[in-house]
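Undergrad: Next up is a structure, given as structure tokens.
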Amino acid sequence: MTRGPSLSLKGRALKYLSAREHSRVELVRKLRPHTEDPSEIDRVLDDLEARGWLSAERFVESVVHRKAARYGMARIRGELNMHQLPDDTVRAALSALKDTEFRRAQDLWLRRYGQVAETPQELAKQMRFLAARGFSGDVVRQVVRGASDTEDANEA
């Protein structure tokens with residue numbers, strides 16, 4: 001079987017971007033094996049950014065959209081920080097998530113457990129689950145003790 005001509009760097013980058021949003025760091029890592037000249041990658045990515053096909057803002061929105069229902073702010077912040085994105089873009093996305101942190105943790109907890117723990121072991125298990133997902137300690141404590149939105153609002 002014969003193979004067609006190999007894709008150019010720009011073609012590869014567009015192929016990746018057509019599947020989902022990527023950060024510049026991801027594209028550099030994925031394109032590096034296909035060229036010996038790193039400046040060529042920078043030129044291609046600069047062109048894609050200039051045309052609006054590569055966007056840090058869209059990437060952040062995409063990650064938040066995909067992860068928000070399952071993860072807390074700390075976990076999402078960690079993932080975004082790995083991509084070396086502009087601080088103001090990440091901060092804006094995380095501030096929007098902060099308002100929904102309790103509700104998202106509660107929804108996740110309800111899907112997974114659905115009832116307040118009856119033993120200290122069950123309580124610890126539920127707390128570890130939410131903490132590992134990146135939810136803050138305060139939110140985890142409120143959720144596992146069965147606090148509702150109205151109780152949460154009254155405490156604020």
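Identifiers in the structure tokens: chain A, B, ... in order shown; residue index from 1 per chain; ligand index from 1 in order shown.
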Could you list, as a PyMOL selection string, every residue within 12 Å of Arg91 in chain A, counting only C-alpha atoms and ignoring same-chain residues fewer than 4 positions away?

TA: chain A and resi 57+60-61+64+73+76-77+80-81+85-87+95-98

Undergrad: Would you mind exporting the chosen residues as a compact mmCIF listing (two decimals), in the first residue's frame, restricted to all heavy atoms?

TA:
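New file part.txt:
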# COMPACT_ATOMS: atom_id res chain seq x y z
N GLU A 57 -7.97 31.98 24.29
CA GLU A 57 -9.28 32.18 24.92
C GLU A 57 -10.22 31.02 24.60
O GLU A 57 -10.92 30.51 25.48
CB GLU A 57 -9.91 33.51 24.48
CG GLU A 57 -9.19 34.73 25.00
CD GLU A 57 -7.94 35.09 24.20
OE1 GLU A 57 -7.76 34.55 23.07
OE2 GLU A 57 -7.12 35.88 24.70
N VAL A 60 -9.16 27.90 26.54
CA VAL A 60 -9.58 27.96 27.94
C VAL A 60 -11.07 27.66 28.06
O VAL A 60 -11.48 26.86 28.91
CB VAL A 60 -9.23 29.33 28.56
CG1 VAL A 60 -9.88 29.49 29.93
CG2 VAL A 60 -7.73 29.50 28.67
N GLU A 61 -11.88 28.28 27.22
CA GLU A 61 -13.33 28.02 27.25
C GLU A 61 -13.62 26.54 27.00
O GLU A 61 -14.49 25.95 27.64
CB GLU A 61 -14.04 28.86 26.20
CG GLU A 61 -14.10 30.33 26.51
CD GLU A 61 -14.64 31.15 25.35
OE1 GLU A 61 -15.22 30.57 24.40
OE2 GLU A 61 -14.48 32.38 25.38
N VAL A 64 -12.67 24.47 30.13
CA VAL A 64 -13.65 24.71 31.19
C VAL A 64 -14.97 24.01 30.87
O VAL A 64 -15.55 23.35 31.72
CB VAL A 64 -13.85 26.23 31.42
CG1 VAL A 64 -15.06 26.49 32.30
CG2 VAL A 64 -12.60 26.83 32.03
N MET A 73 -12.27 23.89 40.81
CA MET A 73 -11.39 24.96 40.32
C MET A 73 -9.91 24.60 40.41
O MET A 73 -9.15 24.90 39.51
CB MET A 73 -11.64 26.25 41.10
CG MET A 73 -12.78 27.04 40.57
SD MET A 73 -13.07 28.61 41.42
CE MET A 73 -11.51 29.08 42.11
N ILE A 76 -8.93 22.24 37.54
CA ILE A 76 -8.97 22.92 36.26
C ILE A 76 -7.85 23.94 36.15
O ILE A 76 -7.20 24.06 35.12
CB ILE A 76 -10.36 23.57 36.04
CG1 ILE A 76 -11.43 22.47 35.91
CG2 ILE A 76 -10.36 24.46 34.80
CD1 ILE A 76 -12.86 22.97 35.91
N ARG A 77 -7.58 24.66 37.23
CA ARG A 77 -6.47 25.62 37.26
C ARG A 77 -5.15 24.90 36.97
O ARG A 77 -4.33 25.37 36.19
CB ARG A 77 -6.38 26.34 38.59
CG ARG A 77 -5.21 27.32 38.67
CD ARG A 77 -5.01 27.93 40.05
NE ARG A 77 -6.18 28.67 40.48
CZ ARG A 77 -6.91 28.34 41.55
NH1 ARG A 77 -6.60 27.29 42.29
NH2 ARG A 77 -7.96 29.05 41.89
N LEU A 80 -4.93 24.09 33.25
CA LEU A 80 -4.70 25.29 32.45
C LEU A 80 -3.28 25.81 32.63
O LEU A 80 -2.66 26.28 31.67
CB LEU A 80 -5.73 26.37 32.79
CG LEU A 80 -7.16 26.07 32.38
CD1 LEU A 80 -8.11 27.14 32.91
CD2 LEU A 80 -7.30 25.92 30.88
N ASN A 81 -2.74 25.73 33.84
CA ASN A 81 -1.38 26.20 34.09
C ASN A 81 -0.34 25.38 33.33
O ASN A 81 0.72 25.90 32.98
CB ASN A 81 -1.07 26.21 35.58
CG ASN A 81 -1.77 27.35 36.30
OD1 ASN A 81 -2.18 28.33 35.69
ND2 ASN A 81 -1.92 27.21 37.60
N LEU A 85 -0.75 29.47 29.59
CA LEU A 85 -1.69 30.42 28.99
C LEU A 85 -1.58 31.78 29.67
O LEU A 85 -1.09 31.88 30.79
CB LEU A 85 -3.11 29.86 29.14
CG LEU A 85 -3.33 28.53 28.43
CD1 LEU A 85 -4.53 27.81 29.01
CD2 LEU A 85 -3.48 28.74 26.95
N PRO A 86 -2.08 32.83 29.02
CA PRO A 86 -2.06 34.16 29.64
C PRO A 86 -2.83 34.17 30.97
O PRO A 86 -3.93 33.63 31.06
CB PRO A 86 -2.76 35.05 28.60
CG PRO A 86 -2.68 34.31 27.31
CD PRO A 86 -2.64 32.86 27.66
N ASP A 87 -2.22 34.77 31.99
CA ASP A 87 -2.81 34.78 33.33
C ASP A 87 -4.20 35.40 33.36
O ASP A 87 -5.08 34.89 34.04
CB ASP A 87 -1.91 35.54 34.31
CG ASP A 87 -0.65 34.76 34.64
OD1 ASP A 87 -0.65 33.52 34.48
OD2 ASP A 87 0.33 35.39 35.06
N SER A 95 -12.73 32.76 37.64
CA SER A 95 -13.65 33.58 38.45
C SER A 95 -15.10 33.24 38.10
O SER A 95 -15.97 33.25 38.97
CB SER A 95 -13.38 35.07 38.26
OG SER A 95 -13.73 35.49 36.97
N ALA A 96 -15.35 32.91 36.83
CA ALA A 96 -16.70 32.49 36.44
C ALA A 96 -17.03 31.13 37.06
O ALA A 96 -18.19 30.87 37.43
CB ALA A 96 -16.81 32.42 34.93
N LEU A 97 -16.05 30.26 37.20
CA LEU A 97 -16.28 28.94 37.80
C LEU A 97 -16.54 29.02 39.30
O LEU A 97 -17.25 28.20 39.85
CB LEU A 97 -15.06 28.05 37.58
CG LEU A 97 -14.95 27.30 36.29
CD1 LEU A 97 -13.66 26.49 36.26
CD2 LEU A 97 -16.14 26.40 36.06
N LYS A 98 -15.93 30.01 39.94
CA LYS A 98 -16.04 30.13 41.39
C LYS A 98 -17.51 30.23 41.84
O LYS A 98 -17.89 29.66 42.85
CB LYS A 98 -15.26 31.35 41.87
CG LYS A 98 -15.17 31.46 43.35
CD LYS A 98 -14.28 32.61 43.77
CE LYS A 98 -14.11 32.59 45.27
NZ LYS A 98 -13.17 33.62 45.71

Undergrad: Check which residues of range 57-154 of chain A sit at most 8 Å from range 23-45 of chain A using only C-alpha atoms, and return one row each with the closest pair of atoms and their distance in Å to one decimal, ordered by chain and rising number, as CSV.

TA:
residue,atom,partner,partner_atom,distance
A:Phe59,CA,A:Ser23,CA,6.1
A:His83,CA,A:Val25,CA,5.7
A:Gln84,CA,A:Val25,CA,7.1
A:Leu85,CA,A:Ser23,CA,7.8

Undergrad: Could you take the residues named above and write them with N, CA and C atoms, as a JSON list (two decimals), in the first residue's frame?

TA:
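The resulting file, selection.json, is shown below:
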[["chain", "number", "residue", "atom", "x", "y", "z"],
["A", 59, "PHE", "N", -9.37, 28.03, 23.72],
["A", 59, "PHE", "CA", -8.85, 26.83, 24.37],
["A", 59, "PHE", "C", -9.29, 26.78, 25.83],
["A", 83, "HIS", "N", -0.49, 24.55, 30.39],
["A", 83, "HIS", "CA", -0.47, 24.99, 29.00],
["A", 83, "HIS", "C", 0.13, 26.38, 28.82],
["A", 84, "GLN", "N", 0.64, 26.97, 29.90],
["A", 84, "GLN", "CA", 1.32, 28.27, 29.84],
["A", 84, "GLN", "C", 0.47, 29.32, 29.13],
["A", 85, "LEU", "N", -0.75, 29.47, 29.59],
["A", 85, "LEU", "CA", -1.69, 30.42, 28.99],
["A", 85, "LEU", "C", -1.58, 31.78, 29.67]]

Undergrad: Find the residues near range 129-142 of chain A: any atom within 10 Å, counting only C-alpha atoms, skip ones fewer than 6 places away on the same chain, and give them as a list in words.

TA: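 Listing them by chain and then by number gives Arg70, Tyr71, Gly72, Met73, Ala74, Arg75, Ile76, Arg77, Gly78, Glu101, Phe102, Arg103, Arg104, Ala105, Gln106, Leu108, Trp109, Arg112, Leu123, Ser148, Asp149, Glu151 and Asp152 of chain A.
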
Undergrad: Could you give me, as JSON lines, a per-residue list for range 40-119 of chain A showing, wherever an atom lies at most 9 Å from an atom of range 14-18 of chain A, the closest pair of atoms and their distance in Å to one decimal, using only C-alpha atoms and sorting by chain then residue number from low to high?

TA:
{"residue": "A:Leu48", "atom": "CA", "partner": "A:Leu14", "partner_atom": "CA", "distance": 8.6}
{"residue": "A:Trp53", "atom": "CA", "partner": "A:Leu17", "partner_atom": "CA", "distance": 7.8}
{"residue": "A:Leu54", "atom": "CA", "partner": "A:Leu17", "partner_atom": "CA", "distance": 7.6}

Undergrad: May I ask for the distance between CA of Arg20 in chain A and CA of Ser62 in chain A, given in Å to one decimal place?

TA: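 Separation between CA of Arg20 in chain A and CA of Ser62 in chain A: 8.3 Å.
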